[in-house]
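A.B. asks: What follows is upload_26.txt; its format and atoms are compact mmCIF, C-alpha atoms.
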```txt
# COMPACT_ATOMS: atom_id res chain seq x y z
CA MET A 1 19.23 14.39 -8.87
CA LYS A 2 16.23 12.66 -10.45
CA LYS A 3 12.72 13.01 -9.07
CA ILE A 4 10.89 9.83 -8.09
CA GLU A 5 8.52 10.33 -11.03
CA ASP A 6 11.50 10.01 -13.40
CA TYR A 7 11.98 6.38 -12.37
CA VAL A 8 8.44 5.30 -13.30
CA ILE A 9 8.05 3.81 -16.76
CA SER A 10 4.61 4.44 -18.25
CA ILE A 11 3.38 1.75 -20.62
CA PRO A 12 0.50 2.79 -22.90
CA ASP A 13 -2.39 0.45 -23.71
CA PHE A 14 -1.62 -2.09 -20.97
CA PRO A 15 -3.43 -4.18 -19.82
CA GLU A 16 -5.96 -2.84 -22.31
CA GLU A 17 -6.25 -0.06 -24.85
CA GLY A 18 -6.59 3.40 -23.34
CA ILE A 19 -4.93 2.48 -20.03
CA ILE A 20 -1.48 3.79 -19.08
CA PHE A 21 0.23 1.26 -16.82
CA ARG A 22 2.57 2.86 -14.26
CA ASP A 23 5.32 0.28 -13.72
CA VAL A 24 6.65 0.21 -10.16
CA THR A 25 9.30 -2.40 -11.05
CA SER A 26 11.26 0.30 -12.86
CA ILE A 27 11.72 1.98 -9.46
CA LEU A 28 12.73 -1.29 -7.77
CA GLU A 29 15.31 -2.07 -10.44
CA ASP A 30 17.27 1.13 -9.78
CA ALA A 31 19.09 1.45 -6.45
CA GLU A 32 18.66 5.23 -6.34
CA GLY A 33 15.00 5.00 -7.32
CA LEU A 34 14.27 2.40 -4.63
CA HIS A 35 16.11 4.44 -2.01
CA LEU A 36 14.21 7.57 -2.99
CA ALA A 37 10.84 5.77 -2.95
CA ILE A 38 11.41 4.38 0.54
CA ASP A 39 12.60 7.74 1.85
CA ARG A 40 9.69 9.68 0.33
CA MET A 41 7.12 7.21 1.64
CA GLN A 42 8.69 7.22 5.08
CA GLU A 43 8.57 11.04 5.15
CA LYS A 44 4.79 10.81 4.72
CA LEU A 45 4.61 9.16 8.16
CA THR A 46 5.95 12.25 9.90
CA GLY A 47 3.61 13.32 12.67
CA ILE A 48 1.62 10.06 12.73
CA ASP A 49 1.63 8.19 16.05
CA PHE A 50 1.53 4.46 15.32
CA ASP A 51 2.66 1.09 16.66
CA VAL A 52 2.64 -1.24 13.63
CA ILE A 53 3.14 -1.09 9.87
CA VAL A 54 0.82 -3.28 7.82
CA GLY A 55 1.40 -4.09 4.16
CA PRO A 56 -0.53 -6.19 1.67
CA GLU A 57 0.94 -8.87 -0.52
CA SER A 58 3.14 -8.33 -2.42
CA ARG A 59 4.29 -4.80 -3.10
CA GLY A 60 3.14 -3.61 0.32
CA PHE A 61 5.78 -6.02 1.63
CA ILE A 62 8.44 -4.48 -0.60
CA PHE A 63 7.85 -0.94 0.64
CA GLY A 64 6.53 -1.60 4.14
CA MET A 65 9.36 -3.83 5.36
CA PRO A 66 12.25 -1.36 4.93
CA ILE A 67 10.18 1.44 6.44
CA ALA A 68 9.33 -0.76 9.44
CA TYR A 69 13.02 -1.64 9.76
CA ASN A 70 14.11 2.02 9.55
CA LEU A 71 11.57 3.11 12.16
CA HIS A 72 12.10 0.07 14.41
CA LYS A 73 8.43 -0.94 14.15
CA PRO A 74 6.91 -4.39 13.65
CA PHE A 75 5.61 -5.33 10.22
CA VAL A 76 2.39 -7.32 9.75
CA PRO A 77 1.63 -8.86 6.36
CA ILE A 78 -1.83 -9.05 4.86
CA ARG A 79 -2.01 -11.97 2.44
CA LYS A 80 -4.32 -13.56 -0.04
CA LYS A 81 -6.60 -16.20 1.45
CA GLY A 82 -4.94 -19.51 2.26
CA LYS A 83 -1.36 -18.25 2.60
CA LEU A 84 -1.11 -17.81 6.38
CA PRO A 85 -0.64 -20.86 8.64
CA CYS A 86 -2.16 -19.66 11.94
CA GLU A 87 -5.67 -18.59 12.89
CA THR A 88 -6.71 -15.71 10.64
CA ALA A 89 -9.33 -13.04 10.22
CA SER A 90 -10.40 -12.44 6.64
CA ILE A 91 -12.53 -10.19 4.51
CA GLN A 92 -13.91 -10.60 1.02
CA TYR A 93 -14.28 -7.56 -1.23
CA ASP A 94 -15.12 -6.64 -4.79
CA LEU A 95 -12.54 -5.84 -7.43
CA GLU A 96 -13.07 -4.08 -10.73
CA TYR A 97 -13.39 -7.51 -12.41
CA GLY A 98 -14.43 -10.00 -9.73
CA SER A 99 -13.69 -10.39 -6.05
CA ALA A 100 -10.81 -11.20 -3.71
CA GLU A 101 -10.26 -12.26 -0.12
CA ILE A 102 -7.44 -11.16 2.15
CA GLU A 103 -6.46 -12.24 5.63
CA VAL A 104 -4.18 -11.48 8.54
CA HIS A 105 -3.06 -13.54 11.52
CA LYS A 106 -5.40 -12.75 14.42
CA ARG A 107 -2.45 -12.81 16.83
CA SER A 108 -0.64 -10.09 14.85
CA ILE A 109 -3.09 -7.27 15.57
CA LYS A 110 -3.96 -6.40 19.12
CA PRO A 111 -6.99 -4.35 20.20
CA GLY A 112 -6.02 -0.70 20.60
CA GLN A 113 -2.96 -0.87 18.38
CA LYS A 114 -2.42 2.07 16.07
CA VAL A 115 -1.52 0.93 12.56
CA VAL A 116 -0.51 2.46 9.25
CA ILE A 117 -0.97 0.76 5.91
CA ILE A 118 1.84 0.93 3.33
CA ASP A 119 1.26 -0.05 -0.31
CA ASP A 120 2.49 0.75 -3.78
CA LEU A 121 -0.70 1.95 -5.43
CA MET A 122 -3.96 3.70 -4.60
CA ALA A 123 -6.34 2.94 -7.44
CA THR A 124 -10.06 2.34 -6.78
CA GLY A 125 -9.51 2.20 -3.00
CA GLY A 126 -11.25 -1.16 -2.67
CA THR A 127 -8.28 -3.09 -1.31
CA VAL A 128 -7.36 -0.33 1.15
CA LYS A 129 -10.95 -0.07 2.36
CA ALA A 130 -11.04 -3.84 2.88
CA MET A 131 -7.77 -3.73 4.84
CA ILE A 132 -9.12 -0.95 7.05
CA GLU A 133 -12.29 -2.95 7.78
CA LEU A 134 -10.25 -6.08 8.50
CA LEU A 135 -7.86 -4.31 10.89
CA GLU A 136 -10.58 -2.34 12.67
CA GLY A 137 -12.56 -5.56 13.03
CA LEU A 138 -9.66 -6.83 15.15
CA GLY A 139 -9.75 -3.69 17.31
CA ALA A 140 -6.92 -1.72 15.68
CA SER A 141 -7.07 1.97 14.87
CA VAL A 142 -5.93 2.84 11.35
CA GLU A 143 -3.96 6.06 11.67
CA GLY A 144 -3.02 6.49 8.04
CA VAL A 145 -2.40 5.04 4.62
CA VAL A 146 0.74 5.73 2.57
CA CYS A 147 1.01 4.69 -1.07
CA LEU A 148 3.78 5.38 -3.54
CA MET A 149 1.45 6.14 -6.46
CA GLU A 150 -2.15 7.27 -6.82
CA LEU A 151 -4.38 7.07 -9.87
CA GLN A 152 -6.62 10.02 -9.06
CA GLY A 153 -8.98 9.35 -11.96
CA LEU A 154 -10.23 6.22 -10.18
CA HIS A 155 -11.31 8.23 -7.09
CA GLY A 156 -9.99 5.75 -4.51
CA ARG A 157 -9.83 8.43 -1.82
CA ASP A 158 -13.59 8.82 -2.04
CA LYS A 159 -13.98 5.40 -0.41
CA LEU A 160 -11.67 6.37 2.43
CA GLY A 161 -13.29 9.50 3.82
CA GLY A 162 -12.04 10.39 7.27
CA TYR A 163 -8.72 8.54 6.94
CA ARG A 164 -5.38 10.20 6.41
CA VAL A 165 -4.18 9.14 2.96
CA GLU A 166 -0.75 10.20 1.71
CA THR A 167 0.73 9.47 -1.71
CA VAL A 168 4.10 10.34 -3.19
CA ILE A 169 3.18 10.45 -6.89
CA GLN A 170 -0.24 11.41 -8.22
CA TYR A 171 -1.43 10.71 -11.75
CA SER A 172 -4.58 12.53 -12.84
CA GLY A 173 -5.86 9.69 -15.05
CA LYS A 174 -6.59 6.03 -14.62
```
Output the structure of this file as structure tokens.

C.D. replies:
Amino acid sequence: MKKIEDYVISIPDFPEEGIIFRDVTSILEDAEGLHLAIDRMQEKLTGIDFDVIVGPESRGFIFGMPIAYNLHKPFVPIRKKGKLPCETASIQYDLEYGSAEIEVHKRSIKPGQKVVIIDDLMATGGTVKAMIELLEGLGASVEGVVCLMELQGLHGRDKLGGYRVETVIQYSGK
């Protein structure tokens, strides 16, 4: 049986020289790889008491939805600004090369709810930190973050001190 790491294709010098791009689509394109990824991520939730799974656009949807379905929990999407039709709460944050803004329906998160965030990648931690601030601003309690892959060389965890962060695959570089 293959390990989850065996399904990841590493592409050197993309998007720029010196970077190794870890391609998550190679996992999605293989039924066994996808099954293994979902199972391994779901295992990381063991022992966490939570009410709702939250996932950011777009790969957080891919991994968060089947886990929510398996655990019979609701799923709440976090989207890029302007994509949600009802009243939203939003937060703007800095990226490595610019800024972004994400939002969630206000009605989707209730004060006191315990949430976990599911995503594909922990890199610099900026997006996860923004999601935590957005959710806590609505009165939720973030009980944990689960990502499929982590680029440890970017020190994303450092921005998330005090939060439970679980990853399935860790890469020492960027």

A.B. asks: Rank nothing, just name the residue among A:Cys86, A:Leu45, A:Met131, A:Ile109 nearest to Glu166 in chain A, using all atoms listed in the file.

C.D. replies: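 Among the listed residues, A:Leu45 lies closest to Glu166 in chain A.
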
A.B. asks: Measure the distance from CA of Ser58 in chain A to CA of Arg164 in chain A in Å and round it to one decimal.

C.D. replies: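 We find that CA of Ser58 in chain A and CA of Arg164 in chain A lie 22.2 Å from each other.
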
A.B. asks: Show which residues sit within 12 Å of Met1 in chain A, as a PyMOL selection string. Count all atoms listed in the file, and ignore same-chain residues fewer than 4 positions away.

C.D. replies: chain A and resi 5-7+32-33+36

A.B. asks: Record the distance separating CA of Met41 in chain A and CA of Lys110 in chain A, expressed in Å with one decimal.

C.D. replies: 24.8 Å

A.B. asks: To one decimal in Å, tell me the separation between CA of Tyr97 in chain A and CA of Leu160 in chain A.

C.D. replies: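 For CA of Tyr97 in chain A relative to CA of Leu160 in chain A, the distance reads 20.4 Å.
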
A.B. asks: Residues within 6 Å of Glu101 in chain A, please, as a list in words. Count all atoms listed in the file; anything in the same chain fewer than 2 positions from it doesn't count.

C.D. replies: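 Here the qualifying residues turn out to be Lys81, Ile91 and Gln92 of chain A.
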
A.B. asks: Pick out the closest residue to Leu84 in chain A from this set: A:Glu57, A:Asp49, A:Glu150, A:Glu96. Count all atoms listed in the file.

C.D. replies: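 Looking only at the distances to Leu84 in chain A, the closest residue turns out to be A:Glu57.
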
A.B. asks: Since the input is missing atoms for range 134-158 of chain A, could you rebuild it with N, CA and C atoms and give the result as a PDB file, in the frame of the given file?

C.D. replies:
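Written output follows (out_32.pdb):
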```pdb
ATOM      1  N   LEU A 134     -10.837  -4.889   7.892  1.00  0.00           N
ATOM      2  CA  LEU A 134     -10.250  -6.080   8.500  1.00  0.00           C
ATOM      3  C   LEU A 134      -9.509  -5.722   9.782  1.00  0.00           C
ATOM      4  N   LEU A 135      -8.667  -4.707   9.727  1.00  0.00           N
ATOM      5  CA  LEU A 135      -7.860  -4.310  10.890  1.00  0.00           C
ATOM      6  C   LEU A 135      -8.733  -3.739  12.004  1.00  0.00           C
ATOM      7  N   GLU A 136      -9.692  -2.906  11.650  1.00  0.00           N
ATOM      8  CA  GLU A 136     -10.580  -2.340  12.670  1.00  0.00           C
ATOM      9  C   GLU A 136     -11.463  -3.420  13.275  1.00  0.00           C
ATOM     10  N   GLY A 137     -11.789  -4.441  12.502  1.00  0.00           N
ATOM     11  CA  GLY A 137     -12.560  -5.560  13.030  1.00  0.00           C
ATOM     12  C   GLY A 137     -11.812  -6.320  14.117  1.00  0.00           C
ATOM     13  N   LEU A 138     -10.487  -6.206  14.111  1.00  0.00           N
ATOM     14  CA  LEU A 138      -9.660  -6.830  15.150  1.00  0.00           C
ATOM     15  C   LEU A 138      -9.352  -5.855  16.290  1.00  0.00           C
ATOM     16  N   GLY A 139      -9.911  -4.662  16.230  1.00  0.00           N
ATOM     17  CA  GLY A 139      -9.750  -3.690  17.310  1.00  0.00           C
ATOM     18  C   GLY A 139      -8.632  -2.693  17.109  1.00  0.00           C
ATOM     19  N   ALA A 140      -7.989  -2.689  15.943  1.00  0.00           N
ATOM     20  CA  ALA A 140      -6.920  -1.720  15.680  1.00  0.00           C
ATOM     21  C   ALA A 140      -7.520  -0.385  15.266  1.00  0.00           C
ATOM     22  N   SER A 141      -6.706   0.637  15.343  1.00  0.00           N
ATOM     23  CA  SER A 141      -7.070   1.970  14.870  1.00  0.00           C
ATOM     24  C   SER A 141      -6.156   2.297  13.695  1.00  0.00           C
ATOM     25  N   VAL A 142      -6.724   2.522  12.531  1.00  0.00           N
ATOM     26  CA  VAL A 142      -5.930   2.840  11.350  1.00  0.00           C
ATOM     27  C   VAL A 142      -5.651   4.342  11.358  1.00  0.00           C
ATOM     28  N   GLU A 143      -4.384   4.673  11.527  1.00  0.00           N
ATOM     29  CA  GLU A 143      -3.960   6.060  11.670  1.00  0.00           C
ATOM     30  C   GLU A 143      -3.584   6.720  10.354  1.00  0.00           C
ATOM     31  N   GLY A 144      -3.365   5.917   9.332  1.00  0.00           N
ATOM     32  CA  GLY A 144      -3.020   6.490   8.040  1.00  0.00           C
ATOM     33  C   GLY A 144      -2.712   5.432   7.011  1.00  0.00           C
ATOM     34  N   VAL A 145      -2.718   5.877   5.766  1.00  0.00           N
ATOM     35  CA  VAL A 145      -2.400   5.040   4.620  1.00  0.00           C
ATOM     36  C   VAL A 145      -1.370   5.804   3.794  1.00  0.00           C
ATOM     37  N   VAL A 146      -0.278   5.127   3.420  1.00  0.00           N
ATOM     38  CA  VAL A 146       0.740   5.730   2.570  1.00  0.00           C
ATOM     39  C   VAL A 146       0.947   4.833   1.359  1.00  0.00           C
ATOM     40  N   CYS A 147       0.784   5.418   0.178  1.00  0.00           N
ATOM     41  CA  CYS A 147       1.010   4.690  -1.070  1.00  0.00           C
ATOM     42  C   CYS A 147       2.019   5.463  -1.914  1.00  0.00           C
ATOM     43  N   LEU A 148       2.808   4.733  -2.670  1.00  0.00           N
ATOM     44  CA  LEU A 148       3.780   5.380  -3.540  1.00  0.00           C
ATOM     45  C   LEU A 148       3.085   6.148  -4.657  1.00  0.00           C
ATOM     46  N   MET A 149       2.118   5.512  -5.323  1.00  0.00           N
ATOM     47  CA  MET A 149       1.450   6.140  -6.460  1.00  0.00           C
ATOM     48  C   MET A 149      -0.063   6.167  -6.245  1.00  0.00           C
ATOM     49  N   GLU A 150      -0.696   7.165  -6.859  1.00  0.00           N
ATOM     50  CA  GLU A 150      -2.150   7.270  -6.820  1.00  0.00           C
ATOM     51  C   GLU A 150      -2.676   7.571  -8.210  1.00  0.00           C
ATOM     52  N   LEU A 151      -3.675   6.813  -8.618  1.00  0.00           N
ATOM     53  CA  LEU A 151      -4.380   7.070  -9.870  1.00  0.00           C
ATOM     54  C   LEU A 151      -5.641   7.848  -9.519  1.00  0.00           C
ATOM     55  N   GLN A 152      -5.540   9.162  -9.545  1.00  0.00           N
ATOM     56  CA  GLN A 152      -6.620  10.020  -9.060  1.00  0.00           C
ATOM     57  C   GLN A 152      -7.910   9.868  -9.853  1.00  0.00           C
ATOM     58  N   GLY A 153      -7.808   9.505 -11.120  1.00  0.00           N
ATOM     59  CA  GLY A 153      -8.980   9.350 -11.960  1.00  0.00           C
ATOM     60  C   GLY A 153      -9.893   8.213 -11.539  1.00  0.00           C
ATOM     61  N   LEU A 154      -9.406   7.329 -10.669  1.00  0.00           N
ATOM     62  CA  LEU A 154     -10.230   6.220 -10.180  1.00  0.00           C
ATOM     63  C   LEU A 154     -10.916   6.536  -8.848  1.00  0.00           C
ATOM     64  N   HIS A 155     -10.613   7.695  -8.270  1.00  0.00           N
ATOM     65  CA  HIS A 155     -11.310   8.230  -7.090  1.00  0.00           C
ATOM     66  C   HIS A 155     -11.262   7.298  -5.872  1.00  0.00           C
ATOM     67  N   GLY A 156     -10.133   6.639  -5.653  1.00  0.00           N
ATOM     68  CA  GLY A 156      -9.990   5.750  -4.510  1.00  0.00           C
ATOM     69  C   GLY A 156     -10.148   6.436  -3.173  1.00  0.00           C
ATOM     70  N   ARG A 157      -9.709   7.675  -3.079  1.00  0.00           N
ATOM     71  CA  ARG A 157      -9.830   8.430  -1.820  1.00  0.00           C
ATOM     72  C   ARG A 157     -11.282   8.580  -1.385  1.00  0.00           C
ATOM     73  N   ASP A 158     -12.174   8.628  -2.366  1.00  0.00           N
ATOM     74  CA  ASP A 158     -13.590   8.820  -2.040  1.00  0.00           C
ATOM     75  C   ASP A 158     -14.121   7.718  -1.140  1.00  0.00           C
TER      76      ASP A 158
END
```
